[in-house]
Amino acid sequence: MSSSYARPAAVFGAVLAFVSLGAPLRAAAAPVTLAAALERAQAQSPLITAAQAALAAEQGRARQAGFAPNPEASLQSENTGGSGPYDGFSSAETTLAIGQKLELGGKRRTRAAAARAQVEAAELRLIITRADLAQEVRTRYAEALYADARVTLTIEAADRAQSLASIAATLVDAGREPPLRGLRARTASDEAATAVLTAQAEAAAARRALTTLWSDPEPTIELVEPALQDQPSATVDPTATLDVRLADAEREVADATIDRERAAGKPDLTIQAGVRRFEQTGDQALIVGFTAPIPIRDRNQGNVAAAHADATAAEARQRLALARAVRAVRDAQAALAAANARLQVLQARTVPQAEEAVRLSRDGFQAGKFSLLDVLDAQGALSASRNDLIAARLERAKALAALERAAAQ
């Protein structure tokens, strides 16, 4: 065989050497199942930490909302530092008083109710964050898993292309094939070899996208093919989905805010009681009194109007959330059904037929019954069908993850 026809083997060998560099790392890595990936993400994701902190903040505000105003102490001295008999403190009148602000109009009750509604909404946001994260983990896991499958597929395709290029080179040297056919086979082998590198880069990126979900940018994990999951059999009630429940909770927050702002516009009463001492005579006397604002300008009417507007917006979001929930459930169910149908056809007919076509074309090519182009076409069809099978499995995994998210309650 001439040196020019040894090039496919050299290129393919270089690619395999590059591929083998990552093999020890993956072999040494511990297997991570989908369940383990979900557990890691739920335990380590910054998204969960942020949602938990937001819930803790709302719980703190709810505790604060239940407190009554603190009493106030005042000390006042009059008739001092003047002239004549009011020089010094001999004629001073000193008053020590305690005041207590009384919140009227249900301020504390409505304030606490609005805070409790915020806590309930924050609890739902945490649950939604967990559900969204679970969907993303399932999706990223499937993408990484099937990216690895594409690496294996491209290596097998490169192996077949290199073998075919070697056969074609032998036939060209023997004068049974024109040099152009050998060049075509050599080019196909080079393209298949470089496709391995592309697939490897995509697989590494998919792994990083997965492990970043639990804050690990340098993945050294081994993925495990999960068992085929069935479609959830329970009927999904769109009105009970997480997004609709959150919209309902936000509507309750808006209604509670209206009550709180209305109550905030009612004037409060501050009562005071204390003791006054007269330095000239040494006598003492009790004092009592109260203060209250006169609500002729500020009745909190601006905040009340804003709360009503927020409630209108919350009602609109409530209707939109229900419509989106219905659409999300139906879209996910349709996507899963389509992926199942496509997967069944590919597994039962398309891929087996393509494999048989490759076998027959290669045997016929060696026997002189088929041309090199026939073999290249058959191998291309096999690679395409196997890629379609991987894509169908990925589509099914994504559709199932989307359905589980849409049906989450």
# chains A, B, ... in the order shown; residues from 1 in each chain; ligands from 1
>>> residues_around(residues="Ile294 in chain A", least_positions_apart="2", cutoff="8 Å", atoms="only C-alpha atoms", output="PyMOL selection string")
chain A and resi 267+292+296
>>> write_last_selection(atoms="all heavy atoms", output="compact mmCIF listing (two decimals), in the first residue's frame")
# COMPACT_ATOMS: atom_id res chain seq x y z
N PRO A 267 -56.33 56.39 61.72
CA PRO A 267 -55.44 57.05 62.69
C PRO A 267 -55.26 56.20 63.94
O PRO A 267 -56.17 55.50 64.38
CB PRO A 267 -56.17 58.36 63.01
CG PRO A 267 -57.61 58.08 62.70
CD PRO A 267 -57.61 57.10 61.56
N ALA A 292 -53.47 62.02 68.77
CA ALA A 292 -53.96 61.32 67.59
C ALA A 292 -53.80 62.22 66.39
O ALA A 292 -54.02 63.44 66.50
CB ALA A 292 -55.42 60.90 67.75
N ILE A 296 -56.80 64.56 57.61
CA ILE A 296 -57.47 65.41 56.63
C ILE A 296 -56.74 65.42 55.29
O ILE A 296 -57.30 65.82 54.28
CB ILE A 296 -57.62 66.84 57.16
CG1 ILE A 296 -56.24 67.42 57.49
CG2 ILE A 296 -58.53 66.87 58.38
CD1 ILE A 296 -56.30 68.88 57.89
>>> residues_around(residues="range 34-51 of chain A", least_positions_apart="2", cutoff="10 Å", atoms="only C-alpha atoms", output="JSON, numbers by chain")
{"A": [31, 32, 53, 54, 55, 56, 57, 122, 123, 124, 125, 126, 127, 128, 129, 130, 131, 132, 133, 134, 135, 136, 137, 138, 141, 142, 210, 211, 212, 213, 214, 215, 216, 223, 224, 225, 226, 227]}
>>> write_last_selection(atoms="C-alpha atoms", output="PDB file, in the first residue's frame")
ATOM      1  CA  PRO A  31     -20.984   6.187  38.741  1.00  0.00           C
ATOM      2  CA  VAL A  32     -23.653   8.836  39.296  1.00  0.00           C
ATOM      3  CA  ALA A  53     -33.028  32.234  52.204  1.00  0.00           C
ATOM      4  CA  ALA A  54     -35.936  34.107  50.609  1.00  0.00           C
ATOM      5  CA  LEU A  55     -38.382  31.936  52.568  1.00  0.00           C
ATOM      6  CA  ALA A  56     -36.468  32.536  55.805  1.00  0.00           C
ATOM      7  CA  ALA A  57     -36.591  36.285  55.115  1.00  0.00           C
ATOM      8  CA  ALA A 122     -42.379  31.980  49.346  1.00  0.00           C
ATOM      9  CA  GLU A 123     -42.938  28.344  50.339  1.00  0.00           C
ATOM     10  CA  LEU A 124     -44.482  27.675  46.933  1.00  0.00           C
ATOM     11  CA  ARG A 125     -41.601  29.471  45.205  1.00  0.00           C
ATOM     12  CA  LEU A 126     -39.183  27.150  46.981  1.00  0.00           C
ATOM     13  CA  ILE A 127     -41.167  24.112  45.838  1.00  0.00           C
ATOM     14  CA  ILE A 128     -41.246  25.483  42.287  1.00  0.00           C
ATOM     15  CA  THR A 129     -37.501  26.098  42.387  1.00  0.00           C
ATOM     16  CA  ARG A 130     -36.983  22.468  43.393  1.00  0.00           C
ATOM     17  CA  ALA A 131     -39.303  21.272  40.602  1.00  0.00           C
ATOM     18  CA  ASP A 132     -37.594  23.482  38.002  1.00  0.00           C
ATOM     19  CA  LEU A 133     -34.204  22.268  39.144  1.00  0.00           C
ATOM     20  CA  ALA A 134     -35.317  18.642  38.960  1.00  0.00           C
ATOM     21  CA  GLN A 135     -36.508  19.165  35.383  1.00  0.00           C
ATOM     22  CA  GLU A 136     -33.222  20.783  34.417  1.00  0.00           C
ATOM     23  CA  VAL A 137     -31.209  17.992  36.057  1.00  0.00           C
ATOM     24  CA  ARG A 138     -33.219  15.355  34.174  1.00  0.00           C
ATOM     25  CA  TYR A 141     -28.432  14.351  32.542  1.00  0.00           C
ATOM     26  CA  ALA A 142     -30.094  13.007  29.388  1.00  0.00           C
ATOM     27  CA  LEU A 210     -24.953  19.036  34.327  1.00  0.00           C
ATOM     28  CA  THR A 211     -22.438  19.283  37.156  1.00  0.00           C
ATOM     29  CA  THR A 212     -22.673  23.075  37.278  1.00  0.00           C
ATOM     30  CA  LEU A 213     -26.183  22.544  38.619  1.00  0.00           C
ATOM     31  CA  TRP A 214     -24.569  21.481  41.896  1.00  0.00           C
ATOM     32  CA  SER A 215     -21.673  23.986  41.587  1.00  0.00           C
ATOM     33  CA  ASP A 216     -19.040  21.602  40.227  1.00  0.00           C
ATOM     34  CA  LEU A 223     -23.263   8.453  33.934  1.00  0.00           C
ATOM     35  CA  VAL A 224     -25.580   5.480  34.165  1.00  0.00           C
ATOM     36  CA  GLU A 225     -28.340   4.712  31.680  1.00  0.00           C
ATOM     37  CA  PRO A 226     -31.597   4.960  33.676  1.00  0.00           C
ATOM     38  CA  ALA A 227     -34.375   2.436  33.343  1.00  0.00           C
TER      39      ALA A 227
END
>>> select_by_dssp(residues="range 263-381 of chain A", states="strand (DSSP E or B)", output="list in words")
Leu269, Thr270, Ile271, Gln272, Ala273, Gly274, Val275, Arg276, Arg277, Phe278, Asp283, Gln284, Ala285, Leu286, Ile287, Val288, Gly289, Phe290 and Thr291 of chain A
>>> atom_distance(atom1="CA of Arg277 in chain A", atom2="CA of Pro69 in chain A")
28.0 Å
>>> closest_residue(among="A:Ala264, A:Val326, A:Ala209, A:Val119", to="Arg299 in chain A", atoms="only C-alpha atoms")
A:Ala264
>>> residues_around(residues="range 372-383 of chain A", least_positions_apart="5", cutoff="9 Å", atoms="only C-alpha atoms", output="list in words")
Leu153, Thr154, Ala157, Arg160, Ala161, Leu164, Ala168, Glu177, Arg181, Gly182, Arg184, Ala185, Ala188, Thr350, Val351, Pro352, Gln353, Ala354, Glu355, Ala357, Val358, Arg359, Leu360, Ser361, Arg362, Gly364, Phe365 and Asp388 of chain A
>>> select_by_dssp(residues="range 173-273 of chain A", states="alpha helix (DSSP H)", output="number ranges by chain")
A: 173, 179-211, 242-264
>>> residues_around(residues="Ala285 in chain A", least_positions_apart="3", cutoff="9 Å", atoms="only C-alpha atoms", output="MDAnalysis selection string")
chainID A and resid 274:278
>>> closest_residue(among="A:Arg342, A:Gln284, A:Ala149, A:Lys398", to="Glu93 in chain A", atoms="only C-alpha atoms")
A:Gln284
>>> closest_residue(among="A:Asn70, A:Gln366, A:Thr291, A:Thr139", to="Gln100 in chain A", atoms="only C-alpha atoms")
A:Asn70
>>> closest_residue(among="A:Lys369, A:Arg297, A:Arg245, A:Arg330", to="Gln318 in chain A", atoms="only C-alpha atoms")
A:Arg245
>>> closest_residue(among="A:Gly265, A:Glu222, A:Arg324, A:Phe89", to="Asp298 in chain A", atoms="only C-alpha atoms")
A:Gly265
>>> decode(residues="range 328-343 of chain A", atoms="all heavy atoms", output="mmCIF file, in the first residue's frame")
data_model
loop_
_atom_site.group_PDB
_atom_site.id
_atom_site.type_symbol
_atom_site.label_atom_id
_atom_site.label_comp_id
_atom_site.auth_asym_id
_atom_site.auth_seq_id
_atom_site.Cartn_x
_atom_site.Cartn_y
_atom_site.Cartn_z
ATOM 1 N N ALA A 328 -49.068 23.576 29.000
ATOM 2 C CA ALA A 328 -47.837 22.858 29.313
ATOM 3 C C ALA A 328 -48.097 21.364 29.471
ATOM 4 O O ALA A 328 -47.319 20.530 28.978
ATOM 5 C CB ALA A 328 -47.207 23.425 30.587
ATOM 6 N N VAL A 329 -49.179 21.007 30.140
ATOM 7 C CA VAL A 329 -49.498 19.590 30.335
ATOM 8 C C VAL A 329 -49.795 18.928 29.000
ATOM 9 O O VAL A 329 -49.270 17.848 28.682
ATOM 10 C CB VAL A 329 -50.679 19.438 31.303
ATOM 11 C CG1 VAL A 329 -51.158 17.987 31.332
ATOM 12 C CG2 VAL A 329 -50.274 19.884 32.704
ATOM 13 N N ARG A 330 -50.619 19.567 28.189
ATOM 14 C CA ARG A 330 -50.992 18.958 26.904
ATOM 15 C C ARG A 330 -49.808 18.894 25.948
ATOM 16 O O ARG A 330 -49.639 17.902 25.224
ATOM 17 C CB ARG A 330 -52.144 19.747 26.292
ATOM 18 C CG ARG A 330 -53.446 19.593 27.080
ATOM 19 C CD ARG A 330 -54.567 20.419 26.497
ATOM 20 N NE ARG A 330 -55.811 20.254 27.261
ATOM 21 C CZ ARG A 330 -56.919 20.956 27.056
ATOM 22 N NH1 ARG A 330 -56.931 21.887 26.099
ATOM 23 N NH2 ARG A 330 -57.997 20.739 27.787
ATOM 24 N N ASP A 331 -48.975 19.936 25.926
ATOM 25 C CA ASP A 331 -47.797 19.916 25.059
ATOM 26 C C ASP A 331 -46.838 18.808 25.471
ATOM 27 O O ASP A 331 -46.275 18.104 24.613
ATOM 28 C CB ASP A 331 -47.080 21.266 25.103
ATOM 29 C CG ASP A 331 -47.842 22.353 24.354
ATOM 30 O OD1 ASP A 331 -48.850 22.026 23.694
ATOM 31 O OD2 ASP A 331 -47.443 23.536 24.458
ATOM 32 N N ALA A 332 -46.635 18.647 26.775
ATOM 33 C CA ALA A 332 -45.722 17.606 27.251
ATOM 34 C C ALA A 332 -46.263 16.214 26.943
ATOM 35 O O ALA A 332 -45.514 15.317 26.550
ATOM 36 C CB ALA A 332 -45.493 17.764 28.753
ATOM 37 N N GLN A 333 -47.557 16.025 27.117
ATOM 38 C CA GLN A 333 -48.152 14.729 26.794
ATOM 39 C C GLN A 333 -48.022 14.421 25.304
ATOM 40 O O GLN A 333 -47.692 13.292 24.918
ATOM 41 C CB GLN A 333 -49.619 14.718 27.217
ATOM 42 C CG GLN A 333 -49.827 14.695 28.723
ATOM 43 C CD GLN A 333 -51.276 14.873 29.124
ATOM 44 O OE1 GLN A 333 -52.078 15.435 28.372
ATOM 45 N NE2 GLN A 333 -51.630 14.397 30.315
ATOM 46 N N ALA A 334 -48.269 15.419 24.448
ATOM 47 C CA ALA A 334 -48.148 15.210 23.006
ATOM 48 C C ALA A 334 -46.700 14.935 22.610
ATOM 49 O O ALA A 334 -46.429 14.053 21.773
ATOM 50 C CB ALA A 334 -48.683 16.429 22.264
ATOM 51 N N ALA A 335 -45.762 15.682 23.191
ATOM 52 C CA ALA A 335 -44.347 15.467 22.871
ATOM 53 C C ALA A 335 -43.891 14.084 23.299
ATOM 54 O O ALA A 335 -43.123 13.417 22.578
ATOM 55 C CB ALA A 335 -43.496 16.542 23.556
ATOM 56 N N LEU A 336 -44.349 13.617 24.448
ATOM 57 C CA LEU A 336 -43.970 12.289 24.913
ATOM 58 C C LEU A 336 -44.551 11.205 24.010
ATOM 59 O O LEU A 336 -43.875 10.222 23.678
ATOM 60 C CB LEU A 336 -44.429 12.089 26.361
ATOM 61 C CG LEU A 336 -44.030 10.764 27.020
ATOM 62 C CD1 LEU A 336 -42.522 10.588 26.998
ATOM 63 C CD2 LEU A 336 -44.547 10.707 28.453
ATOM 64 N N ALA A 337 -45.797 11.369 23.593
ATOM 65 C CA ALA A 337 -46.416 10.387 22.697
ATOM 66 C C ALA A 337 -45.676 10.333 21.359
ATOM 67 O O ALA A 337 -45.427 9.246 20.816
ATOM 68 C CB ALA A 337 -47.886 10.734 22.495
ATOM 69 N N ALA A 338 -45.311 11.507 20.825
ATOM 70 C CA ALA A 338 -44.583 11.543 19.559
ATOM 71 C C ALA A 338 -43.199 10.911 19.699
ATOM 72 O O ALA A 338 -42.754 10.162 18.817
ATOM 73 C CB ALA A 338 -44.456 12.983 19.079
ATOM 74 N N ALA A 339 -42.516 11.194 20.795
ATOM 75 C CA ALA A 339 -41.186 10.612 21.014
ATOM 76 C C ALA A 339 -41.274 9.099 21.157
ATOM 77 O O ALA A 339 -40.416 8.367 20.635
ATOM 78 C CB ALA A 339 -40.548 11.226 22.254
ATOM 79 N N ASN A 340 -42.285 8.606 21.844
ATOM 80 C CA ASN A 340 -42.459 7.158 21.991
ATOM 81 C C ASN A 340 -42.681 6.498 20.634
ATOM 82 O O ASN A 340 -42.113 5.434 20.341
ATOM 83 C CB ASN A 340 -43.638 6.860 22.916
ATOM 84 C CG ASN A 340 -43.295 7.071 24.379
ATOM 85 O OD1 ASN A 340 -42.141 6.944 24.769
ATOM 86 N ND2 ASN A 340 -44.276 7.401 25.182
ATOM 87 N N ALA A 341 -43.541 7.114 19.796
ATOM 88 C CA ALA A 341 -43.820 6.540 18.479
ATOM 89 C C ALA A 341 -42.569 6.526 17.607
ATOM 90 O O ALA A 341 -42.269 5.529 16.936
ATOM 91 C CB ALA A 341 -44.932 7.336 17.803
ATOM 92 N N ARG A 342 -41.824 7.636 17.621
ATOM 93 C CA ARG A 342 -40.602 7.704 16.809
ATOM 94 C C ARG A 342 -39.568 6.703 17.300
ATOM 95 O O ARG A 342 -38.900 6.035 16.496
ATOM 96 C CB ARG A 342 -40.038 9.119 16.869
ATOM 97 C CG ARG A 342 -38.839 9.334 15.964
ATOM 98 C CD ARG A 342 -38.267 10.718 16.137
ATOM 99 N NE ARG A 342 -37.123 10.911 15.264
ATOM 100 C CZ ARG A 342 -36.190 11.833 15.446
ATOM 101 N NH1 ARG A 342 -36.281 12.660 16.469
ATOM 102 N NH2 ARG A 342 -35.182 11.947 14.609
ATOM 103 N N LEU A 343 -39.432 6.585 18.602
ATOM 104 C CA LEU A 343 -38.468 5.661 19.173
ATOM 105 C C LEU A 343 -38.797 4.216 18.791
ATOM 106 O O LEU A 343 -37.903 3.418 18.472
ATOM 107 C CB LEU A 343 -38.448 5.819 20.703
ATOM 108 C CG LEU A 343 -37.360 5.091 21.475
ATOM 109 C CD1 LEU A 343 -35.990 5.540 21.034
ATOM 110 C CD2 LEU A 343 -37.537 5.326 22.971
#
